[in-house]
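What's in coords36.cif: mmCIF, C-alpha atoms, pLDDT in the B column; chains and numbers go by the auth columns
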data_entry
loop_
_atom_site.group_PDB
_atom_site.id
_atom_site.type_symbol
_atom_site.label_atom_id
_atom_site.label_comp_id
_atom_site.label_asym_id
_atom_site.label_seq_id
_atom_site.Cartn_x
_atom_site.Cartn_y
_atom_site.Cartn_z
_atom_site.B_iso_or_equiv
_atom_site.auth_seq_id
_atom_site.auth_asym_id
ATOM 1 C CA THR A 1 -17.754 -19.625 13.820 44.00 1 R
ATOM 2 C CA CYS A 2 -20.049 -19.952 10.856 50.00 2 R
ATOM 3 C CA THR A 3 -20.729 -16.624 9.184 54.00 3 R
ATOM 4 C CA GLN A 4 -22.320 -18.049 6.047 54.00 4 R
ATOM 5 C CA GLY A 5 -25.839 -17.404 7.351 56.00 5 R
ATOM 6 C CA LEU A 6 -25.027 -13.761 8.033 56.00 6 R
ATOM 7 C CA PHE A 7 -23.966 -13.204 4.426 57.00 7 R
ATOM 8 C CA MET A 8 -26.847 -14.952 2.658 65.00 8 R
ATOM 9 C CA SER A 9 -28.629 -11.715 1.691 77.00 9 R
ATOM 10 C CA VAL A 10 -25.563 -9.456 1.577 83.00 10 R
ATOM 11 C CA ARG A 11 -23.272 -8.899 -1.389 91.00 11 R
ATOM 12 C CA LEU A 12 -19.709 -9.897 -0.485 93.00 12 R
ATOM 13 C CA ILE A 13 -16.715 -7.887 -1.631 95.00 13 R
ATOM 14 C CA THR A 14 -13.194 -9.297 -1.772 96.00 14 R
ATOM 15 C CA VAL A 15 -11.036 -6.737 0.020 96.00 15 R
ATOM 16 C CA ALA A 16 -7.755 -8.663 -0.205 95.00 16 R
ATOM 17 C CA THR A 17 -6.226 -11.870 -1.473 94.00 17 R
ATOM 18 C CA PHE A 18 -3.439 -13.782 0.219 93.00 18 R
ATOM 19 C CA ASP A 19 -1.073 -16.601 -0.671 91.00 19 R
ATOM 20 C CA MET A 20 -1.006 -18.195 2.777 88.00 20 R
ATOM 21 C CA PRO A 21 -3.956 -18.984 5.087 90.00 21 R
ATOM 22 C CA HIS A 22 -2.334 -17.523 8.204 90.00 22 R
ATOM 23 C CA LYS A 23 -2.010 -14.129 6.497 91.00 23 R
ATOM 24 C CA ALA A 24 -5.723 -14.094 5.684 94.00 24 R
ATOM 25 C CA ASP A 25 -6.544 -15.219 9.229 94.00 25 R
ATOM 26 C CA LEU A 26 -4.552 -12.377 10.787 94.00 26 R
ATOM 27 C CA ALA A 27 -6.313 -9.807 8.606 95.00 27 R
ATOM 28 C CA LYS A 28 -9.693 -11.377 9.456 97.00 28 R
ATOM 29 C CA ILE A 29 -8.936 -11.155 13.173 96.00 29 R
ATOM 30 C CA ALA A 30 -8.052 -7.462 12.780 96.00 30 R
ATOM 31 C CA LEU A 31 -11.407 -6.858 11.091 97.00 31 R
ATOM 32 C CA GLU A 32 -13.328 -8.760 13.750 97.00 32 R
ATOM 33 C CA GLU A 33 -11.619 -6.720 16.479 97.00 33 R
ATOM 34 C CA VAL A 34 -13.252 -3.574 15.060 97.00 34 R
ATOM 35 C CA GLY A 35 -16.632 -5.246 14.578 97.00 35 R
ATOM 36 C CA ILE A 36 -16.459 -6.104 10.875 97.00 36 R
ATOM 37 C CA VAL A 37 -17.683 -9.604 10.065 96.00 37 R
ATOM 38 C CA ALA A 38 -15.337 -11.227 7.546 97.00 38 R
ATOM 39 C CA GLU A 39 -15.034 -14.524 5.740 96.00 39 R
ATOM 40 C CA VAL A 40 -11.988 -16.286 4.294 96.00 40 R
ATOM 41 C CA ASN A 41 -12.695 -18.229 1.089 95.00 41 R
ATOM 42 C CA ASP A 42 -10.705 -20.777 -0.911 94.00 42 R
ATOM 43 C CA ARG A 43 -8.468 -21.657 2.040 91.00 43 R
ATOM 44 C CA GLU A 44 -9.355 -25.343 1.742 90.00 44 R
ATOM 45 C CA VAL A 45 -8.722 -25.458 -2.011 90.00 45 R
ATOM 46 C CA VAL A 46 -5.246 -24.014 -1.534 88.00 46 R
ATOM 47 C CA ALA A 47 -4.594 -26.263 1.473 84.00 47 R
ATOM 48 C CA MET A 48 -5.395 -29.342 -0.635 87.00 48 R
ATOM 49 C CA ASP A 49 -3.080 -28.277 -3.449 88.00 49 R
ATOM 50 C CA TRP A 50 -0.977 -25.119 -3.203 84.00 50 R
ATOM 51 C CA LEU A 51 -0.561 -25.100 -6.991 87.00 51 R
ATOM 52 C CA LEU A 52 -4.248 -24.158 -7.265 88.00 52 R
ATOM 53 C CA LEU A 53 -3.555 -20.792 -5.608 89.00 53 R
ATOM 54 C CA ASN A 54 -3.384 -18.895 -8.888 88.00 54 R
ATOM 55 C CA ALA A 55 -6.219 -20.878 -10.456 89.00 55 R
ATOM 56 C CA VAL A 56 -8.683 -19.758 -7.763 92.00 56 R
ATOM 57 C CA GLY A 57 -7.292 -16.227 -7.504 92.00 57 R
ATOM 58 C CA GLY A 58 -5.715 -16.581 -4.084 93.00 58 R
ATOM 59 C CA ILE A 59 -7.203 -16.944 -0.628 95.00 59 R
ATOM 60 C CA LYS A 60 -9.922 -14.301 -0.486 96.00 60 R
ATOM 61 C CA LEU A 61 -10.830 -12.119 2.471 97.00 61 R
ATOM 62 C CA GLN A 62 -14.415 -10.950 2.006 97.00 62 R
ATOM 63 C CA VAL A 63 -16.718 -8.569 3.830 97.00 63 R
ATOM 64 C CA ALA A 64 -20.202 -7.165 3.303 96.00 64 R
ATOM 65 C CA GLU A 65 -20.260 -4.501 0.598 95.00 65 R
ATOM 66 C CA GLY A 66 -21.194 -1.802 3.116 95.00 66 R
ATOM 67 C CA ASP A 67 -18.112 -2.570 5.228 97.00 67 R
ATOM 68 C CA ALA A 68 -15.604 -2.672 2.346 96.00 68 R
ATOM 69 C CA GLU A 69 -14.201 0.858 2.612 95.00 69 R
ATOM 70 C CA ARG A 70 -13.676 0.634 6.369 97.00 70 R
ATOM 71 C CA ALA A 71 -12.254 -2.890 6.027 96.00 71 R
ATOM 72 C CA LEU A 72 -9.671 -1.719 3.482 95.00 72 R
ATOM 73 C CA ALA A 73 -8.406 0.876 5.948 95.00 73 R
ATOM 74 C CA VAL A 74 -8.143 -1.709 8.742 95.00 74 R
ATOM 75 C CA ILE A 75 -6.289 -4.333 6.715 94.00 75 R
ATOM 76 C CA GLU A 76 -3.964 -1.944 4.882 91.00 76 R
ATOM 77 C CA PRO A 77 -0.964 -2.895 7.076 88.00 77 R
ATOM 78 C CA PHE A 78 -1.548 -6.571 6.189 84.00 78 R
ATOM 79 C CA THR A 79 -1.532 -5.922 2.447 84.00 79 R
ATOM 80 C CA ARG A 80 1.700 -3.934 2.199 80.00 80 R
ATOM 81 C CA PRO A 81 4.571 -5.641 0.365 77.00 81 R
ATOM 82 C CA GLY A 82 6.755 -7.402 2.932 75.00 82 R
ATOM 83 C CA ALA A 83 4.146 -7.095 5.688 71.00 83 R
ATOM 84 C CA PHE A 84 4.855 -10.609 6.942 68.00 84 R
ATOM 85 C CA GLU A 85 8.599 -10.712 6.472 70.00 85 R
ATOM 86 C CA GLN A 86 10.798 -10.976 9.541 61.00 86 R
ATOM 87 C CA PRO A 87 13.541 -8.350 9.838 61.00 87 R
ATOM 88 C CA VAL A 88 17.029 -9.809 9.836 60.00 88 R
ATOM 89 C CA SER A 89 18.819 -9.259 13.118 63.00 89 R
ATOM 90 C CA ASP A 90 22.524 -8.315 13.166 61.00 90 R
ATOM 91 C CA GLU A 91 22.929 -9.982 16.547 61.00 91 R
#

What do you get writing this file as structure tokens?
Amino acid sequence: TCTQGLFMSVRLITVATFDMPHKADLAKIALEEVGIVAEVNDREVVAMDWLLLNAVGGIKLQVAEGDAERALAVIEPFTRPGAFEQPVSDE
């Protein structure tokens, strides 16, 4: 879905940055499930050349300024260190 039109007159706030697109997508889905419209930026730049990740400041998850505080609470589990690591099974 195209959210660009919804954000034209709203100031966007970056609430998190990610190193992999799927991590940003999962956080965006969590926000959308609670009714917060979000946008992922710089995904394509990083997809074209992963070495540009640091140059662009990561893959940015952005929301309207008025939703930022609530969004931070929703995505907190996605921004913890090791949030996407798989536990090692002893089996």

Point to revise | Selection: 8 Å around R:Thr17, only C-alpha atoms, excl. self and same-chain fewer than 3 positions, as a PyMOL selection string | key: chain R and resi 14+24+57-61

Atoms to include: C-alpha atoms. Write the selected residues as a CSV table (one decimal), in the frame of the given file.
chain,number,residue,atom,x,y,z
R,14,THR,CA,-13.2,-9.3,-1.8
R,24,ALA,CA,-5.7,-14.1,5.7
R,57,GLY,CA,-7.3,-16.2,-7.5
R,58,GLY,CA,-5.7,-16.6,-4.1
R,59,ILE,CA,-7.2,-16.9,-0.6
R,60,LYS,CA,-9.9,-14.3,-0.5
R,61,LEU,CA,-10.8,-12.1,2.5

**Study point:** Exercise: R:Ala30 partners within 12 Å, all atoms listed in the file, chain neighbours under 5 positions left out, as a ChimeraX atom specification
**Key:** /R:23-25,35-38,61,70-78

Review point. At what distance in Å, to one decimal, does atom CA of R:Asn41 lie from atom CA of R:Ala27?
Key: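 A separation of 13.0 Å between them.
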
Check your understanding: On this structure, which residues satisfy the PyMOL selection byres ((chain R and resi 64) around 10), written as a PyMOL selection string?
Key -> chain R and resi 6-7+9-15+36-39+62-63+65-68+71

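Coordinates place atom CA of R:His22 at a distance of 13.8 Å from atom CA of R:Trp50.
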
Practice item. Would you please work out which residue, of R:Lys28, R:Ala83, R:Ala47, R:Asn54, is nearest to R:Ala16 when using all atoms listed in the file? Key: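 For R:Ala16, the nearest of the candidates is R:Lys28.
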
Exercise for review: Can you work out the spacing between atom CA of R:Val34 and atom CA of R:Arg80 in Å, to one decimal?
Suggested key: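 Those two atoms sit 19.7 Å apart.
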
Practice item. Identify which of the residues R:Val56, R:Thr79, R:Glu85, R:Ile29 lies closest to R:Arg43, counting all atoms listed in the file when measuring atom-to-atom distances. Key: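 So, comparing all the options, the nearest one is R:Val56.
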
Would you compute an axis-aligned box for stretch 56-60 of chain R, covering every atom listed for it in the file with 5 Å of margin on each side, and report centre and edge lengths in Å to one decimal as JSON?
{"center_x": -7.8, "center_y": -17.0, "center_z": -4.1, "size_x": 14.2, "size_y": 15.5, "size_z": 17.3}
